[in-house]
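Data from my_file.cif: mmCIF, C-alpha atoms and all ligand atoms
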```cif
data_target
loop_
_atom_site.label_atom_id
_atom_site.label_comp_id
_atom_site.auth_asym_id
_atom_site.auth_seq_id
_atom_site.Cartn_x
_atom_site.Cartn_y
_atom_site.Cartn_z
CA MET A 11 19.61 11.13 3.70
CA ASP A 12 18.13 9.93 7.03
CA SER A 13 18.30 6.23 7.91
CA GLN A 14 14.63 5.51 7.18
CA THR A 15 14.96 7.04 3.71
CA GLN A 16 18.12 4.97 3.14
CA MET A 17 16.17 1.80 4.02
CA LYS A 18 13.36 2.84 1.68
CA GLN A 19 15.77 3.69 -1.14
CA ILE A 20 17.57 0.34 -0.98
CA VAL A 21 14.33 -1.70 -1.13
CA ALA A 22 13.01 0.53 -3.90
CA ASP A 23 16.15 -0.16 -5.97
CA ALA A 24 16.04 -3.89 -5.12
CA ALA A 25 12.42 -4.13 -6.28
CA ILE A 26 13.29 -2.67 -9.68
CA LYS A 27 15.79 -5.51 -10.20
CA GLU A 28 12.73 -7.81 -10.34
CA VAL A 29 11.29 -5.91 -13.30
CA LYS A 30 11.77 -7.18 -16.85
CA SER A 31 11.19 -5.46 -20.20
CA ASP A 32 7.64 -5.67 -21.64
CA MET A 33 6.01 -5.93 -18.22
CA ILE A 34 2.78 -4.24 -17.20
CA LEU A 35 3.60 -2.95 -13.71
CA GLY A 36 1.35 -1.90 -10.85
CA LEU A 37 2.82 1.31 -9.43
CA GLY A 38 2.16 1.63 -5.70
CA SER A 39 1.69 4.77 -3.62
CA GLY A 40 3.48 6.39 -0.71
CA SER A 41 7.06 7.49 -0.16
CA THR A 42 8.72 4.07 -0.71
CA ALA A 43 6.71 3.48 -3.89
CA ALA A 44 7.67 6.96 -5.09
CA LEU A 45 11.36 6.05 -4.75
CA MET A 46 10.65 2.82 -6.65
CA ILE A 47 8.95 4.78 -9.47
CA LYS A 48 11.98 7.12 -9.69
CA SER A 49 14.33 4.13 -9.81
CA LEU A 50 12.16 2.57 -12.55
CA ALA A 51 12.34 5.80 -14.57
CA ASP A 52 16.16 5.72 -14.32
CA GLU A 53 16.25 2.16 -15.71
CA ILE A 54 13.89 3.07 -18.56
CA ARG A 55 15.91 6.20 -19.38
CA SER A 56 19.15 4.22 -19.46
CA GLY A 57 17.58 1.70 -21.87
CA LYS A 58 17.94 -1.25 -19.49
CA LEU A 59 14.16 -1.66 -19.37
CA GLN A 60 12.01 -1.33 -22.47
CA ASN A 61 8.31 -1.30 -23.26
CA ILE A 62 7.21 -0.90 -19.64
CA ARG A 63 3.66 0.22 -19.01
CA GLY A 64 2.48 1.27 -15.56
CA VAL A 65 -0.90 1.05 -13.89
CA ALA A 66 -1.13 3.75 -11.23
CA THR A 67 -2.67 3.10 -7.81
CA SER A 68 -3.30 6.78 -7.07
CA PHE A 69 -3.25 10.30 -8.40
CA GLN A 70 0.17 10.63 -6.69
CA SER A 71 1.76 7.70 -8.56
CA GLU A 72 0.12 8.67 -11.86
CA VAL A 73 1.41 12.24 -11.76
CA LEU A 74 4.91 11.12 -10.73
CA ALA A 75 5.06 8.47 -13.47
CA LEU A 76 3.90 10.92 -16.13
CA GLU A 77 6.44 13.53 -14.95
CA LEU A 78 9.14 10.88 -15.38
CA ASP A 79 7.88 9.76 -18.83
CA ILE A 80 6.71 6.31 -17.70
CA PRO A 81 3.78 5.32 -19.95
CA ILE A 82 0.58 4.88 -17.94
CA ILE A 83 -2.38 2.71 -18.91
CA ASP A 84 -5.78 2.66 -17.27
CA LEU A 85 -6.63 -0.03 -14.73
CA GLY A 86 -9.88 -0.71 -16.58
CA SER A 87 -8.07 -1.47 -19.84
CA VAL A 88 -5.85 -4.31 -18.58
CA SER A 89 -6.88 -7.86 -17.86
CA ARG A 90 -3.67 -8.77 -15.97
CA ILE A 91 -0.76 -6.94 -14.36
CA ASP A 92 2.57 -8.80 -14.40
CA LEU A 93 3.96 -7.38 -11.18
CA ALA A 94 2.69 -4.83 -8.66
CA ILE A 95 5.20 -3.13 -6.35
CA ASP A 96 3.82 -1.26 -3.36
CA GLY A 97 4.63 -0.16 0.17
CA ALA A 98 2.75 -0.99 3.35
CA ASP A 99 2.09 0.48 6.79
CA GLU A 100 2.25 -2.81 8.68
CA VAL A 101 3.38 -6.31 7.66
CA ASP A 102 2.83 -9.28 9.96
CA PRO A 103 4.84 -12.55 9.88
CA GLY A 104 2.20 -14.17 7.60
CA PHE A 105 2.49 -11.23 5.14
CA GLN A 106 -0.94 -9.87 6.03
CA LEU A 107 -0.84 -6.12 5.60
CA ILE A 108 -2.35 -2.85 6.67
CA LYS A 109 -2.22 -0.30 3.87
CA GLY A 110 -3.90 3.03 3.24
CA GLY A 111 -1.66 5.40 5.18
CA GLY A 112 -1.85 7.56 2.06
CA ALA A 113 -5.59 6.87 1.64
CA CYS A 114 -4.95 5.02 -1.64
CA HIS A 115 -5.94 1.49 -0.61
CA VAL A 116 -9.03 1.18 -2.84
CA ARG A 117 -7.03 1.34 -6.07
CA GLU A 118 -4.03 -0.34 -4.45
CA LYS A 119 -6.16 -3.38 -3.63
CA LEU A 120 -7.68 -3.47 -7.12
CA VAL A 121 -4.21 -3.42 -8.66
CA ALA A 122 -2.96 -6.05 -6.18
CA ALA A 123 -5.92 -8.29 -7.01
CA LYS A 124 -5.16 -8.07 -10.74
CA ALA A 125 -1.43 -8.67 -10.33
CA ASN A 126 0.23 -12.01 -10.99
CA GLN A 127 2.63 -11.05 -8.21
CA LEU A 128 2.47 -8.46 -5.44
CA LEU A 129 5.88 -7.40 -4.16
CA ILE A 130 5.81 -5.34 -0.95
CA VAL A 131 8.68 -2.96 -0.19
CA VAL A 132 9.11 -1.68 3.37
CA ASP A 133 11.69 -0.48 5.83
CA GLU A 134 11.95 -2.66 8.90
CA THR A 135 9.91 -0.28 11.09
CA LYS A 136 6.84 -1.68 9.27
CA LEU A 137 7.29 -5.25 10.52
CA VAL A 138 4.93 -6.13 13.39
CA GLN A 139 3.93 -9.26 15.27
CA ASN A 140 0.27 -8.17 15.47
CA LEU A 141 -1.59 -5.82 13.16
CA ASN A 142 -3.32 -2.63 14.31
CA LEU A 143 -1.64 -2.24 17.71
CA SER A 144 0.13 0.93 16.62
CA PHE A 145 -1.17 1.77 13.13
CA PRO A 146 -4.88 2.39 12.52
CA LEU A 147 -6.83 0.48 9.90
CA PRO A 148 -7.95 2.94 7.17
CA VAL A 149 -11.53 2.50 5.95
CA GLU A 150 -12.78 4.46 2.94
CA VAL A 151 -16.43 5.51 3.31
CA LEU A 152 -18.98 7.41 1.26
CA PRO A 153 -19.10 10.95 2.70
CA ASN A 154 -22.69 10.81 3.92
CA ALA A 155 -22.21 7.34 5.44
CA TRP A 156 -19.26 8.13 7.73
CA LYS A 157 -21.30 8.48 10.95
CA HIS A 158 -23.23 5.29 10.27
CA VAL A 159 -19.99 3.39 9.62
CA HIS A 160 -18.34 4.98 12.68
CA ASP A 161 -21.24 3.86 14.91
CA THR A 162 -21.35 0.35 13.41
CA ILE A 163 -17.61 -0.08 14.00
CA ALA A 164 -18.16 1.05 17.62
CA GLU A 165 -20.63 -1.85 17.98
CA MET A 166 -17.75 -4.11 16.83
CA ASN A 167 -15.60 -2.62 19.65
CA GLY A 168 -13.60 -0.49 17.26
CA THR A 169 -12.69 3.16 17.79
CA SER A 170 -12.65 5.26 14.64
CA ASN A 171 -11.63 8.79 13.82
CA LEU A 172 -12.34 10.72 10.69
CA ARG A 173 -8.94 11.49 9.11
CA MET A 174 -8.45 15.24 9.01
CA ALA A 175 -6.56 17.08 6.29
CA THR A 176 -3.60 19.35 6.76
CA LYS A 177 -3.46 22.59 4.77
CA LYS A 178 -7.23 22.25 4.20
CA ALA A 179 -10.10 22.72 6.64
CA GLY A 180 -12.03 19.52 7.25
CA PRO A 181 -11.40 15.87 6.36
CA VAL A 182 -9.05 14.14 3.93
CA VAL A 183 -10.89 13.51 0.65
CA THR A 184 -9.69 10.47 -1.28
CA ASP A 185 -8.92 10.22 -5.02
CA GLN A 186 -12.47 8.84 -5.36
CA GLY A 187 -14.03 11.77 -3.44
CA ASN A 188 -14.69 9.82 -0.23
CA LEU A 189 -13.61 10.07 3.43
CA ILE A 190 -11.33 7.94 5.60
CA LEU A 191 -12.05 6.52 9.05
CA ASP A 192 -8.93 5.38 10.89
CA VAL A 193 -9.86 2.47 13.14
CA PHE A 194 -8.27 0.79 16.14
CA PHE A 195 -9.57 -2.46 17.56
CA ASN A 196 -8.84 -3.08 21.20
CA GLY A 197 -5.97 -5.59 21.33
CA GLY A 198 -5.24 -5.22 17.61
CA ILE A 199 -6.46 -7.39 14.72
CA LYS A 200 -5.90 -11.11 15.27
CA ASN A 201 -8.25 -12.36 12.55
CA PRO A 202 -7.63 -10.08 9.54
CA LYS A 203 -9.75 -12.15 7.13
CA ASP A 204 -12.88 -11.86 9.31
CA ILE A 205 -12.35 -8.18 10.08
CA GLU A 206 -11.77 -7.40 6.40
CA MET A 207 -15.07 -9.04 5.47
CA CYS A 208 -17.10 -7.62 8.38
CA ILE A 209 -16.00 -4.05 7.70
CA ASN A 210 -16.60 -4.33 3.96
CA ASN A 211 -20.12 -5.59 4.72
CA ILE A 212 -21.10 -2.32 6.43
CA PRO A 213 -23.23 -0.27 4.01
CA GLY A 214 -21.33 2.84 2.93
CA VAL A 215 -17.87 1.23 3.12
CA LEU A 216 -15.92 1.13 -0.12
CA GLU A 217 -12.87 -0.75 1.04
CA ASN A 218 -10.61 -1.18 4.04
CA GLY A 219 -6.83 -1.35 4.21
CA LEU A 220 -6.46 -4.99 5.25
CA PHE A 221 -4.66 -6.86 2.47
CA VAL A 222 -5.22 -10.52 3.29
CA ASP A 223 -3.32 -13.23 1.40
CA LEU A 224 -2.38 -10.79 -1.36
CA ALA A 225 1.36 -10.23 -0.82
CA ASP A 226 3.57 -12.81 -2.52
CA ARG A 227 6.93 -11.44 -1.39
CA VAL A 228 8.20 -8.78 0.97
CA LEU A 229 11.50 -6.93 0.65
CA VAL A 230 12.70 -5.27 3.84
CA GLY A 231 15.33 -2.57 4.15
CA LYS A 232 17.34 -2.28 7.34
CA ILE A 233 20.54 -0.67 8.58
CA GLU A 234 23.34 -3.11 9.41
CA ASN A 235 26.76 -1.87 10.55
CA ASN A 236 25.76 1.62 9.42
CA ASN A 237 24.90 0.40 5.91
CA PRO A 238 21.48 -0.12 4.35
CA VAL A 239 20.84 -3.76 3.35
CA VAL A 240 17.86 -5.67 1.92
CA TYR A 241 16.47 -9.03 2.92
CA SER A 242 13.43 -11.06 2.01
CA PRO A 243 11.80 -12.69 5.06
CA THR A 244 10.18 -16.10 4.80
CA LYS A 245 6.42 -16.08 5.20
CA VAL A 246 5.19 -17.75 8.38
CA SER A 247 2.03 -19.74 7.72
C1 LIG B 301 -0.75 4.36 0.69
C2 LIG B 301 -0.06 3.14 1.21
C3 LIG B 301 1.42 3.20 1.32
O1 LIG B 301 1.98 2.16 0.58
C4 LIG B 301 1.78 3.07 2.77
O2 LIG B 301 1.14 4.12 3.50
C5 LIG B 301 3.30 3.13 3.01
O3 LIG B 301 3.77 4.40 2.71
P1 LIG B 301 5.29 4.81 2.91
O4 LIG B 301 6.09 4.05 1.95
O5 LIG B 301 5.28 6.31 2.66
O6 LIG B 301 5.66 4.51 4.34
O7 LIG B 301 -0.65 2.14 1.53
O8 LIG B 301 -2.13 4.22 0.75
#
```
Could you show the structure in this file as structure tokens?
Ligand code: 5RP
Amino acid sequence: MDSQTQMKQIVADAAIKEVKSDMILGLGSGSTAALMIKSLADEIRSGKLQNIRGVATSFQSEVLALELDIPIIDLGSVSRIDLAIDGADEVDPGFQLIKGGGACHVREKLVAAKANQLLIVVDETKLVQNLNLSFPLPVEVLPNAWKHVHDTIAEMNGTSNLRMATKKAGPVVTDQGNLILDVFFNGGIKNPKDIEMCINNIPGVLENGLFVDLADRVLVGKIENNNPVVYSPTKVS
């Protein structure tokens, strides 16, 4: 196992220690969340956790959970989620996040908004001082609005690229049937709350990957003396 996977595995396992029987859990997306879902399935299989129901944040997490016999309930049928566990692409010292590297941020944000607690699990490569200097901000757009959104973001001094698929000609199509613009702002994002609102105000935008004031806790995996360890940084306000 490479060192990044070791860091992801140790935070995934640590996150599952926060889960209690009878919880409704938000199941995040991405490679770290997938390890967390596998670790959850092990605990359910061993009988340590009982009566867990999951709310999936993507087709990926739904299929994985069902393959592992984790009961899934629909987002629309729950009024509250006890705990959501998800990965992130960037985490700043105030726990503001960029998500959507897997193009799942629309449902991820809905689940996060419904969760009593959002626990973020990352390896330490995801920690940044300033958002959007090295990872683009994903913006989900209606297919026939992408050029309009692209041009409007350019007026805001942002550079956006339509995310292209691999093993398919043309763009990435999201679980909702939309497209993704990956956006960089010159100098990064210093005011995530304003940028989140401004982008979501552009007609044709469904949601962007800025998660502002949503994360309650962050677990970070790192390698120390050749061993993977977990720590929980204190939020800087
Ligand atoms: C998907 C996400 C993921 O949580 C994010 O991309 C992190 O993924 P990984 O754990 O594979 O690094 O937001 O939309």
Counting all atoms listed in the file, which of A:Leu141, A:Ala24, A:Ile54, A:Ala98 gets nearest to ligand LIG 301 (chain B)?
-> A:Ala98
Please write as JSON, numbers by chain the list of polymer residues whose atoms come within 9 Å of (6.1, -5.6, 14.5), counting all atoms listed in the file and keeping to the coordinates of the file.
-> {"A": [100, 101, 102, 103, 134, 135, 136, 137, 138, 139, 140, 141]}
Mind pulling up the distance from atom CA of A:Pro243 to atom CA of A:Met46?
->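 These two atoms are separated by 19.5 Å.
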Protein/DNA/RNA residues near (-2.1, -5.6, -16.1), cut 7 Å, all atoms listed in the file, as number ranges by chain | A: 34-35, 88-92, 124-125
Residues from last step as file, C-alpha atoms, as a short mmCIF file (atom, residue, chain, number, x, y, z; two decimals), in the frame of the given file:
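Output below, filename result_35.cif:
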```
data_model
loop_
_atom_site.label_atom_id
_atom_site.label_comp_id
_atom_site.auth_asym_id
_atom_site.auth_seq_id
_atom_site.Cartn_x
_atom_site.Cartn_y
_atom_site.Cartn_z
CA ILE A 34 2.78 -4.24 -17.20
CA LEU A 35 3.60 -2.95 -13.71
CA VAL A 88 -5.85 -4.31 -18.58
CA SER A 89 -6.88 -7.86 -17.86
CA ARG A 90 -3.67 -8.77 -15.97
CA ILE A 91 -0.76 -6.94 -14.36
CA ASP A 92 2.57 -8.80 -14.40
CA LYS A 124 -5.16 -8.07 -10.74
CA ALA A 125 -1.43 -8.67 -10.33
#
```
Non-local contacts of stretch 162-168 of chain A (12 Å; all atoms listed in the file; under 2 positions in same chain excluded) as a PyMOL selection string | chain A and resi 142+146-147+149+155-160+170-171+191-199+204-205+208-215
Could you add whatever atoms are missing so that stretch 211-224 of chain A carries N, CA, C and O atoms, then write the result as a tab-separated table (two decimals), in the coordinates of the input?
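Saved the output as out-v9.tsv:
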```tsv
chain	number	residue	atom	x	y	z
A	211	ASN	N	-18.67	-5.33	4.77
A	211	ASN	CA	-20.12	-5.59	4.72
A	211	ASN	C	-20.96	-4.44	5.26
A	211	ASN	O	-22.18	-4.46	5.13
A	212	ILE	N	-20.32	-3.45	5.88
A	212	ILE	CA	-21.10	-2.32	6.43
A	212	ILE	C	-21.52	-1.42	5.26
A	212	ILE	O	-20.67	-0.99	4.46
A	213	PRO	N	-22.81	-1.15	5.12
A	213	PRO	CA	-23.23	-0.27	4.01
A	213	PRO	C	-22.52	1.08	4.09
A	213	PRO	O	-22.40	1.65	5.18
A	214	GLY	N	-22.03	1.55	2.96
A	214	GLY	CA	-21.33	2.84	2.93
A	214	GLY	C	-19.82	2.69	2.92
A	214	GLY	O	-19.11	3.66	2.66
A	215	VAL	N	-19.33	1.46	3.17
A	215	VAL	CA	-17.87	1.23	3.12
A	215	VAL	C	-17.48	0.85	1.70
A	215	VAL	O	-18.10	-0.03	1.09
A	216	LEU	N	-16.43	1.52	1.20
A	216	LEU	CA	-15.92	1.13	-0.12
A	216	LEU	C	-14.89	0.03	-0.01
A	216	LEU	O	-14.91	-0.94	-0.75
A	217	GLU	N	-13.97	0.22	0.89
A	217	GLU	CA	-12.87	-0.75	1.04
A	217	GLU	C	-12.09	-0.42	2.29
A	217	GLU	O	-12.05	0.74	2.70
A	218	ASN	N	-11.49	-1.45	2.90
A	218	ASN	CA	-10.61	-1.18	4.04
A	218	ASN	C	-9.18	-1.60	3.68
A	218	ASN	O	-8.93	-2.26	2.68
A	219	GLY	N	-8.25	-1.19	4.53
A	219	GLY	CA	-6.83	-1.35	4.21
A	219	GLY	C	-6.21	-2.66	4.62
A	219	GLY	O	-4.98	-2.80	4.60
A	220	LEU	N	-7.03	-3.66	4.99
A	220	LEU	CA	-6.46	-4.99	5.25
A	220	LEU	C	-6.23	-5.70	3.92
A	220	LEU	O	-7.18	-5.86	3.13
A	221	PHE	N	-5.01	-6.11	3.68
A	221	PHE	CA	-4.66	-6.86	2.47
A	221	PHE	C	-4.35	-8.28	2.93
A	221	PHE	O	-3.27	-8.55	3.48
A	222	VAL	N	-5.33	-9.16	2.75
A	222	VAL	CA	-5.22	-10.52	3.29
A	222	VAL	C	-4.85	-11.48	2.16
A	222	VAL	O	-5.53	-11.53	1.12
A	223	ASP	N	-3.78	-12.22	2.37
A	223	ASP	CA	-3.32	-13.23	1.40
A	223	ASP	C	-3.09	-12.64	0.01
A	223	ASP	O	-3.33	-13.31	-1.00
A	224	LEU	N	-2.65	-11.41	-0.05
A	224	LEU	CA	-2.38	-10.79	-1.36
A	224	LEU	C	-0.89	-10.66	-1.64
A	224	LEU	O	-0.47	-10.76	-2.79
```
